[in-house]
Amino acid sequence: MASPGFRAVLPGALCYNRRVGEADPAEDKRQLVVLEGVRKSFGDLQALRDIDLTVSAGEVVVLIGPSGSGKSTLCRCINRLETIDAGTILIDGMPLPQEGKALARLRADIGMVFQSFNLFAHKTVLQNVTLGPIKVRDIPKAEAAERGMALLERVGIADKADRYPAELSGGQQQRAAIARALAMDPKLMLFDEPTSALDPEMIKEVLDVMIELAKEGTTMIVVTHEMGFARSAARRVVFMDGGRIVETADPDTFFSSPSTERARDFLSKILAH
Amino acid sequence: MSVLIHNLGAFGAGFRTTLALTLASFAGALAIGLVVASMRVSPVAPLRAAGTAYVETIRNIPLLVLLFLFFFGFPKMGIQYPPFPSAVIVMAAYTGSFVAETIRSGVNTVARGQAEAARAIGLTFPQSLRLVVLPQALRAVVAPIGNLFIALVKNTALASTIAVVELGSVYTRLITETAQPVAILFGATVGYLALALTGGWIFAEIEHKVAIKR
Ligand SMILES: Nc1ncnc2c1ncn2[C@@H]1O[C@H](COP(=O)(O)OP(=O)(O)O)[C@@H](O)[C@H]1O
Ligand SMILES: [Mg+2]
């Protein structure tokens, strides 16, 4: 259950008491992310072909699929780390702006968590978390530090606030990276294989934080092969292959009886080991 | 050795000029280097092109030619400065082109993910450069920039060719006046060594202090 302190630092997150993965019906109507006919090529290689995807506020969507199927590219297109070749992407009803200040503002509203953490190596954990609020949101330093500490408390690494990223374990670094993204009060959180670079014993500590976020109603798009997370936190699983969305289903249906051959084939491979 | 003590005043003045020339030029070179390196990694194509043009022009012309061009050529176009400022401008511009390339190579050592994470939290490109990429890039190039400092110390001797009375020109003058080249040579060498070694030591200290824990 979320502590009151966490609510105070995260006014953007919805802290209703509800079953995991079940969005508030009123919020449900608000379409936070809408992709229509999105295409993206790298040279001759079509990384995304005609992607249509709608994510409502409060929803948790898990993206799954073989390596190279375009999951990362999809995430990166949503906050425009990659530009798209065709189609439209609406965030909260607004089209993605061109490169510049407006785009920077929009990116500030979308939290991104990378597979390789990407914490700022020359800054302490707390400085990592407060940089955005201070420089992008113009929040006074003291207030940013206070909120930053509350977030670090929340992800369980408050005692590491003054350490440098290299002094932390992978799991701690990833939790710091999640805190850094949350510090911007994002409307949407993107996770690109957040646990793939972690040793098995650290995966759980990161997934626990993510499950908590999901419970609080944070809108999340998560690239992961962690079936446990998908089952306990996601409303929908989106299966991608070859740059297309091949199948969309609720987690139980997807993992127990996928409707496409390709999904069955993929699942048999990841479940085999 | 008495010839050294006898001419201590002249040596002192020459040394001070060399020191001033070095420090002023180096400060200018750092500023130019930062700006030009930023241009060279910018997403704006014309800025990149201008940065490249600057570096490729300036660093491929001998310093002596640049000095003559500026001091003797530019006055014909109405651009005229006294010897010392001229030397500072040319030395800063010249060393700046090398500093820019050094910083740019430092930028390349900063992991791509750093700039992406910076953009992902909403920093603009200039902000992500200033707050995330350059601080890390500069830490990586302290030692090579120290080398540029030492090269600059030695290059300042060329300023005597445009009538700046620095350590090297004092040395040249005293050799002819006193006919005691060994002692004079010794004095000038000590002066340059002191500058270069002190610079090298300072840069080693800086490098040690700012090293990022990895
Ligand atoms: N920057 C890039 N340049 C060229 N090709 C890329 C780039 N990023 C991704 N790709 C290619 O696009 C395809 C999709 O990649 P990606 O989105 O990373 O897949 P996934 O995350 O599902 O493994 C892959 O074939 C990959 O090699
Ligand atoms: Mg990927």
# chains A, B, ... in the order shown; residues from 1 in each chain; ligands from 1
$ interface_residues --of "chain B" --to "chain A" --cutoff "12 Å" --atoms "only C-alpha atoms" --output "ChimeraX atom specification"
/B:43-44,110-128,130-140,210-214
$ residues_near_ligand --ligand "ligand 1" --cutoff "9 Å" --atoms "only C-alpha atoms and all ligand atoms" --output "ChimeraX atom specification"
/A:40-43,45-48,63-76,82,192-193,223,240-243
$ closest_residue --among "A:Thr124, A:Thr54, A:Gln174, A:Ser196" --to "ligand 2" --atoms "only C-alpha atoms and all ligand atoms"
A:Ser196
$ closest_residue --among "B:Ala93, B:Ala49, B:Val141, B:Val55" --to "His208 of chain B" --atoms "only C-alpha atoms"
B:Val141
